[in-house]
Amino acid sequence: MNNVERVKKWRKANKQRMIEAMGRKCQCCGYDSCAEALAFHHIDPSQKDIGFGGARSNPKAWSKLVTELRKCILVCHNCHSEIHAGVREMPESYELFNEEYAEYKETVQKDKCSVCGTVKSAKRTFCSQTCARKNSRKVDWDTIDLLSLLQKHSISELGRTLGVSAAAIYKRRNKIVAGLPT
């Protein structure tokens with residue numbers, strides 16, 4: 001799954017979680033057929049700190065979204081437009097944010113950084129750029145017959161074995177082939 005697909009999946013899952021926390025249906029008419037047709041309406045517009053459209057494109061921490069959701073009700077887009085146009089009144093009674101959703105239980109697998117031992121996401125190789133730099137090794141290229149190794153192994157295999165990037169292998173190979181000083 002590429003990054004674009006991962007972001008789309010996250011956005012959809014995050015909105016679904018927000019909808020569930022707010023009662024799963026329009027508080028005016030009861031509409032609940034399509035999550036994309038539901039919106040969050042600020043009960044008091046002067047208290048609005050975050051716009052939810054912007055929060056989906058520029059992700060915010062769950063705790064910040066919770067703070068904002070507590071100021072809102074869930075409505076369908078038709079009712080939302082009618083409320084803003086003054087055609088529809090806000091309902092007298094409505095569901096507010098369900099506090100059971102206040103804590104976000106992260107399901108990300110964790111492990112420790114091999115350089116400093118700090119807990120990090122299992123998807124990341126190192127906890128930070130600092131640890132990644134500390135881990136980078138200087139390769140003694142003079143002791144390696146790179147061209148013969150490239151006949152037996154792929155560039156990515158050699159990169160993993162030597163602890164360098166594929167770009168470093170390409171760069172070194174191109175210098176050797178061009179006859180430049182190494």
# chains A, B, ... in the order shown; residues from 1 in each chain; ligands from 1
>>> residues_around(residues="region 139-153 of chain A", least_positions_apart="5", cutoff="8 Å", atoms="only C-alpha atoms", output="NGL selection string")
:A and (158 or 162 or 173)
>>> write_last_selection(atoms="C-alpha atoms", output="mmCIF file, in the first residue's frame")
data_model
loop_
_atom_site.group_PDB
_atom_site.id
_atom_site.type_symbol
_atom_site.label_atom_id
_atom_site.label_comp_id
_atom_site.auth_asym_id
_atom_site.auth_seq_id
_atom_site.Cartn_x
_atom_site.Cartn_y
_atom_site.Cartn_z
ATOM 1 C CA LEU A 158 24.420 -5.073 -1.353
ATOM 2 C CA LEU A 162 26.989 -3.031 3.577
ATOM 3 C CA ARG A 173 29.641 2.077 -9.180
#
>>> residues_around(residues="Ala35 (chain A)", least_positions_apart="2", cutoff="9 Å", atoms="only C-alpha atoms", output="tab-separated table (two decimals) with C-alpha atoms, in the first residue's frame")
chain	number	residue	atom	x	y	z
A	12	LYS	CA	-11.82	7.38	6.17
A	15	LYS	CA	-13.94	10.19	10.10
A	16	GLN	CA	-15.77	6.95	10.84
A	19	ILE	CA	-19.02	9.82	13.46
A	24	ARG	CA	-23.70	7.84	14.01
A	25	LYS	CA	-26.64	9.84	12.56
A	32	ASP	CA	-27.26	7.64	8.55
A	33	SER	CA	-26.84	6.04	5.11
A	37	ALA	CA	-22.83	12.95	3.77
A	38	LEU	CA	-22.42	13.70	7.49
A	39	ALA	CA	-20.77	16.82	8.90
A	76	CYS	CA	-26.15	15.58	7.39
>>> closest_residue(among="A:Cys28, A:Val177, A:Val7, A:Ala132", to="His77 (chain A)", atoms="only C-alpha atoms")
A:Cys28
>>> closest_residue(among="A:Lys123, A:His42, A:Lys64, A:Arg6", to="Tyr104 (chain A)", atoms="only C-alpha atoms")
A:Lys64
>>> select_by_dssp(residues="region 1-170 of chain A", states="alpha helix (DSSP H)", output="PyMOL selection string")
chain A and resi 3-21+52-57+62-69+77-85+129-135+146-152+155-162+166-170
>>> write_last_selection(atoms="C-alpha atoms", output="PDB file, in the first residue's frame")
ATOM      1  CA  ASN A   3       1.377   6.553   1.048  1.00  0.00           C
ATOM      2  CA  VAL A   4      -1.588   8.049  -0.828  1.00  0.00           C
ATOM      3  CA  GLU A   5      -3.660   4.932  -0.194  1.00  0.00           C
ATOM      4  CA  ARG A   6      -2.551   4.853   3.447  1.00  0.00           C
ATOM      5  CA  VAL A   7      -3.606   8.494   3.944  1.00  0.00           C
ATOM      6  CA  LYS A   8      -6.995   7.862   2.301  1.00  0.00           C
ATOM      7  CA  LYS A   9      -7.528   4.820   4.519  1.00  0.00           C
ATOM      8  CA  TRP A  10      -6.539   6.822   7.629  1.00  0.00           C
ATOM      9  CA  ARG A  11      -8.878   9.708   6.713  1.00  0.00           C
ATOM     10  CA  LYS A  12     -11.821   7.377   6.169  1.00  0.00           C
ATOM     11  CA  ALA A  13     -11.174   5.454   9.400  1.00  0.00           C
ATOM     12  CA  ASN A  14     -10.687   8.674  11.378  1.00  0.00           C
ATOM     13  CA  LYS A  15     -13.936  10.194  10.099  1.00  0.00           C
ATOM     14  CA  GLN A  16     -15.771   6.950  10.845  1.00  0.00           C
ATOM     15  CA  ARG A  17     -14.434   7.032  14.420  1.00  0.00           C
ATOM     16  CA  MET A  18     -15.533  10.664  14.770  1.00  0.00           C
ATOM     17  CA  ILE A  19     -19.016   9.824  13.462  1.00  0.00           C
ATOM     18  CA  GLU A  20     -19.329   6.903  15.869  1.00  0.00           C
ATOM     19  CA  ALA A  21     -18.292   9.155  18.744  1.00  0.00           C
ATOM     20  CA  PHE A  52     -12.869  19.527  10.289  1.00  0.00           C
ATOM     21  CA  GLY A  53     -12.218  19.683   6.537  1.00  0.00           C
ATOM     22  CA  GLY A  54      -8.837  21.216   7.249  1.00  0.00           C
ATOM     23  CA  ALA A  55      -8.165  18.745  10.043  1.00  0.00           C
ATOM     24  CA  ARG A  56      -8.579  15.874   7.588  1.00  0.00           C
ATOM     25  CA  SER A  57      -6.162  17.370   5.069  1.00  0.00           C
ATOM     26  CA  TRP A  62      -6.959  12.875  18.346  1.00  0.00           C
ATOM     27  CA  SER A  63      -6.996  14.849  21.628  1.00  0.00           C
ATOM     28  CA  LYS A  64      -7.377  18.123  19.673  1.00  0.00           C
ATOM     29  CA  LEU A  65     -10.174  16.647  17.563  1.00  0.00           C
ATOM     30  CA  VAL A  66     -11.939  15.462  20.718  1.00  0.00           C
ATOM     31  CA  THR A  67     -11.784  18.979  22.182  1.00  0.00           C
ATOM     32  CA  GLU A  68     -13.397  20.305  18.998  1.00  0.00           C
ATOM     33  CA  LEU A  69     -15.974  17.490  18.699  1.00  0.00           C
ATOM     34  CA  HIS A  77     -24.954  18.054   4.764  1.00  0.00           C
ATOM     35  CA  ASN A  78     -28.537  19.060   3.847  1.00  0.00           C
ATOM     36  CA  CYS A  79     -29.458  19.888   7.441  1.00  0.00           C
ATOM     37  CA  HIS A  80     -26.081  21.575   7.944  1.00  0.00           C
ATOM     38  CA  SER A  81     -26.708  23.857   4.956  1.00  0.00           C
ATOM     39  CA  GLU A  82     -30.244  24.595   6.166  1.00  0.00           C
ATOM     40  CA  ILE A  83     -28.994  25.484   9.675  1.00  0.00           C
ATOM     41  CA  HIS A  84     -26.457  27.928   8.209  1.00  0.00           C
ATOM     42  CA  ALA A  85     -29.079  29.391   5.853  1.00  0.00           C
ATOM     43  CA  GLN A 129      17.194  11.071  12.046  1.00  0.00           C
ATOM     44  CA  THR A 130      19.879  11.423  14.717  1.00  0.00           C
ATOM     45  CA  CYS A 131      19.894   7.666  15.376  1.00  0.00           C
ATOM     46  CA  ALA A 132      19.815   6.949  11.632  1.00  0.00           C
ATOM     47  CA  ARG A 133      22.933   9.091  11.178  1.00  0.00           C
ATOM     48  CA  LYS A 134      24.662   7.459  14.138  1.00  0.00           C
ATOM     49  CA  ASN A 135      23.974   4.072  12.589  1.00  0.00           C
ATOM     50  CA  LEU A 146      32.083  -3.684  -6.023  1.00  0.00           C
ATOM     51  CA  LEU A 147      31.796  -4.625  -9.707  1.00  0.00           C
ATOM     52  CA  SER A 148      32.227  -8.347  -9.048  1.00  0.00           C
ATOM     53  CA  LEU A 149      29.766  -8.190  -6.138  1.00  0.00           C
ATOM     54  CA  LEU A 150      27.230  -6.483  -8.416  1.00  0.00           C
ATOM     55  CA  GLN A 151      27.455  -9.424 -10.827  1.00  0.00           C
ATOM     56  CA  LYS A 152      26.327 -11.762  -8.033  1.00  0.00           C
ATOM     57  CA  ILE A 155      22.034  -3.300  -5.558  1.00  0.00           C
ATOM     58  CA  SER A 156      19.422  -3.493  -2.809  1.00  0.00           C
ATOM     59  CA  GLU A 157      20.993  -6.699  -1.420  1.00  0.00           C
ATOM     60  CA  LEU A 158      24.420  -5.073  -1.353  1.00  0.00           C
ATOM     61  CA  GLY A 159      22.998  -1.971   0.286  1.00  0.00           C
ATOM     62  CA  ARG A 160      21.502  -4.044   3.095  1.00  0.00           C
ATOM     63  CA  THR A 161      24.711  -6.077   3.492  1.00  0.00           C
ATOM     64  CA  LEU A 162      26.989  -3.031   3.577  1.00  0.00           C
ATOM     65  CA  ALA A 166      21.151   1.937  -2.960  1.00  0.00           C
ATOM     66  CA  ALA A 167      22.054   5.490  -4.015  1.00  0.00           C
ATOM     67  CA  ALA A 168      25.484   5.105  -2.370  1.00  0.00           C
ATOM     68  CA  ILE A 169      26.064   1.879  -4.318  1.00  0.00           C
ATOM     69  CA  TYR A 170      25.014   3.524  -7.606  1.00  0.00           C
TER      70      TYR A 170
END
>>> residues_around(residues="Cys26 (chain A)", least_positions_apart="3", cutoff="6 Å", atoms="only C-alpha atoms", output="list in words")
Cys29, Gly30, Tyr31, Leu74, Val75 and Cys76 of chain A
>>> atom_distance(atom1="CA of Ala122 (chain A)", atom2="CA of Lys138 (chain A)")
25.5 Å
>>> decode(residues="region 111-138 of chain A", atoms="N, CA and C atoms", output="mmCIF file, in the first residue's frame")
data_model
loop_
_atom_site.group_PDB
_atom_site.id
_atom_site.type_symbol
_atom_site.label_atom_id
_atom_site.label_comp_id
_atom_site.auth_asym_id
_atom_site.auth_seq_id
_atom_site.Cartn_x
_atom_site.Cartn_y
_atom_site.Cartn_z
ATOM 1 N N ASP A 111 8.496 -1.329 18.789
ATOM 2 C CA ASP A 111 9.719 -2.041 19.172
ATOM 3 C C ASP A 111 10.739 -0.983 19.572
ATOM 4 N N LYS A 112 11.966 -1.402 19.819
ATOM 5 C CA LYS A 112 12.981 -0.454 20.296
ATOM 6 C C LYS A 112 13.959 -0.096 19.187
ATOM 7 N N CYS A 113 14.406 1.137 19.225
ATOM 8 C CA CYS A 113 15.429 1.627 18.300
ATOM 9 C C CYS A 113 16.727 0.873 18.583
ATOM 10 N N SER A 114 17.353 0.360 17.540
ATOM 11 C CA SER A 114 18.575 -0.423 17.716
ATOM 12 C C SER A 114 19.762 0.438 18.135
ATOM 13 N N VAL A 115 19.668 1.749 18.009
ATOM 14 C CA VAL A 115 20.775 2.635 18.376
ATOM 15 C C VAL A 115 20.662 3.096 19.827
ATOM 16 N N CYS A 116 19.481 3.634 20.217
ATOM 17 C CA CYS A 116 19.360 4.232 21.553
ATOM 18 C C CYS A 116 18.414 3.490 22.487
ATOM 19 N N GLY A 117 17.611 2.559 21.948
ATOM 20 C CA GLY A 117 16.694 1.789 22.782
ATOM 21 C C GLY A 117 15.353 2.446 23.043
ATOM 22 N N THR A 118 15.116 3.632 22.477
ATOM 23 C CA THR A 118 13.836 4.316 22.637
ATOM 24 C C THR A 118 12.739 3.533 21.933
ATOM 25 N N VAL A 119 11.521 3.524 22.493
ATOM 26 C CA VAL A 119 10.390 2.854 21.861
ATOM 27 C C VAL A 119 10.003 3.639 20.612
ATOM 28 N N LYS A 120 9.778 2.907 19.507
ATOM 29 C CA LYS A 120 9.421 3.526 18.229
ATOM 30 C C LYS A 120 8.408 2.645 17.520
ATOM 31 N N SER A 121 7.788 3.165 16.480
ATOM 32 C CA SER A 121 6.888 2.380 15.641
ATOM 33 C C SER A 121 7.688 1.284 14.955
ATOM 34 N N ALA A 122 7.109 0.084 14.887
ATOM 35 C CA ALA A 122 7.796 -1.036 14.248
ATOM 36 C C ALA A 122 8.020 -0.786 12.758
ATOM 37 N N LYS A 123 7.253 0.127 12.165
ATOM 38 C CA LYS A 123 7.411 0.440 10.744
ATOM 39 C C LYS A 123 8.684 1.237 10.467
ATOM 40 N N ARG A 124 9.183 1.939 11.484
ATOM 41 C CA ARG A 124 10.363 2.775 11.309
ATOM 42 C C ARG A 124 11.618 1.991 11.652
ATOM 43 N N THR A 125 12.701 2.253 10.942
ATOM 44 C CA THR A 125 13.966 1.585 11.215
ATOM 45 C C THR A 125 14.623 2.173 12.450
ATOM 46 N N PHE A 126 14.562 3.501 12.603
ATOM 47 C CA PHE A 126 15.157 4.184 13.739
ATOM 48 C C PHE A 126 14.128 5.130 14.332
ATOM 49 N N CYS A 127 14.363 5.549 15.562
ATOM 50 C CA CYS A 127 13.414 6.454 16.230
ATOM 51 C C CYS A 127 13.537 7.881 15.703
ATOM 52 N N SER A 128 14.700 8.246 15.166
ATOM 53 C CA SER A 128 14.917 9.629 14.728
ATOM 54 C C SER A 128 16.010 9.687 13.660
ATOM 55 N N GLN A 129 16.131 10.847 13.025
ATOM 56 C CA GLN A 129 17.194 11.071 12.046
ATOM 57 C C GLN A 129 18.563 11.008 12.730
ATOM 58 N N THR A 130 18.614 11.450 13.972
ATOM 59 C CA THR A 130 19.879 11.423 14.717
ATOM 60 C C THR A 130 20.382 9.994 14.848
ATOM 61 N N CYS A 131 19.483 9.072 15.239
ATOM 62 C CA CYS A 131 19.894 7.666 15.376
ATOM 63 C C CYS A 131 20.230 7.055 14.021
ATOM 64 N N ALA A 132 19.517 7.461 12.975
ATOM 65 C CA ALA A 132 19.815 6.949 11.632
ATOM 66 C C ALA A 132 21.227 7.366 11.221
ATOM 67 N N ARG A 133 21.582 8.616 11.516
ATOM 68 C CA ARG A 133 22.933 9.091 11.178
ATOM 69 C C ARG A 133 23.996 8.378 12.006
ATOM 70 N N LYS A 134 23.703 8.163 13.290
ATOM 71 C CA LYS A 134 24.662 7.459 14.138
ATOM 72 C C LYS A 134 24.902 6.046 13.637
ATOM 73 N N ASN A 135 23.865 5.453 13.055
ATOM 74 C CA ASN A 135 23.974 4.072 12.589
ATOM 75 C C ASN A 135 24.693 3.967 11.248
ATOM 76 N N SER A 136 24.729 5.068 10.486
ATOM 77 C CA SER A 136 25.339 4.976 9.159
ATOM 78 C C SER A 136 26.814 4.620 9.291
ATOM 79 N N ARG A 137 27.199 3.678 8.507
ATOM 80 C CA ARG A 137 28.589 3.197 8.586
ATOM 81 C C ARG A 137 29.408 3.780 7.453
ATOM 82 N N LYS A 138 30.649 3.979 7.723
ATOM 83 C CA LYS A 138 31.587 4.346 6.672
ATOM 84 C C LYS A 138 32.081 3.041 6.069
#
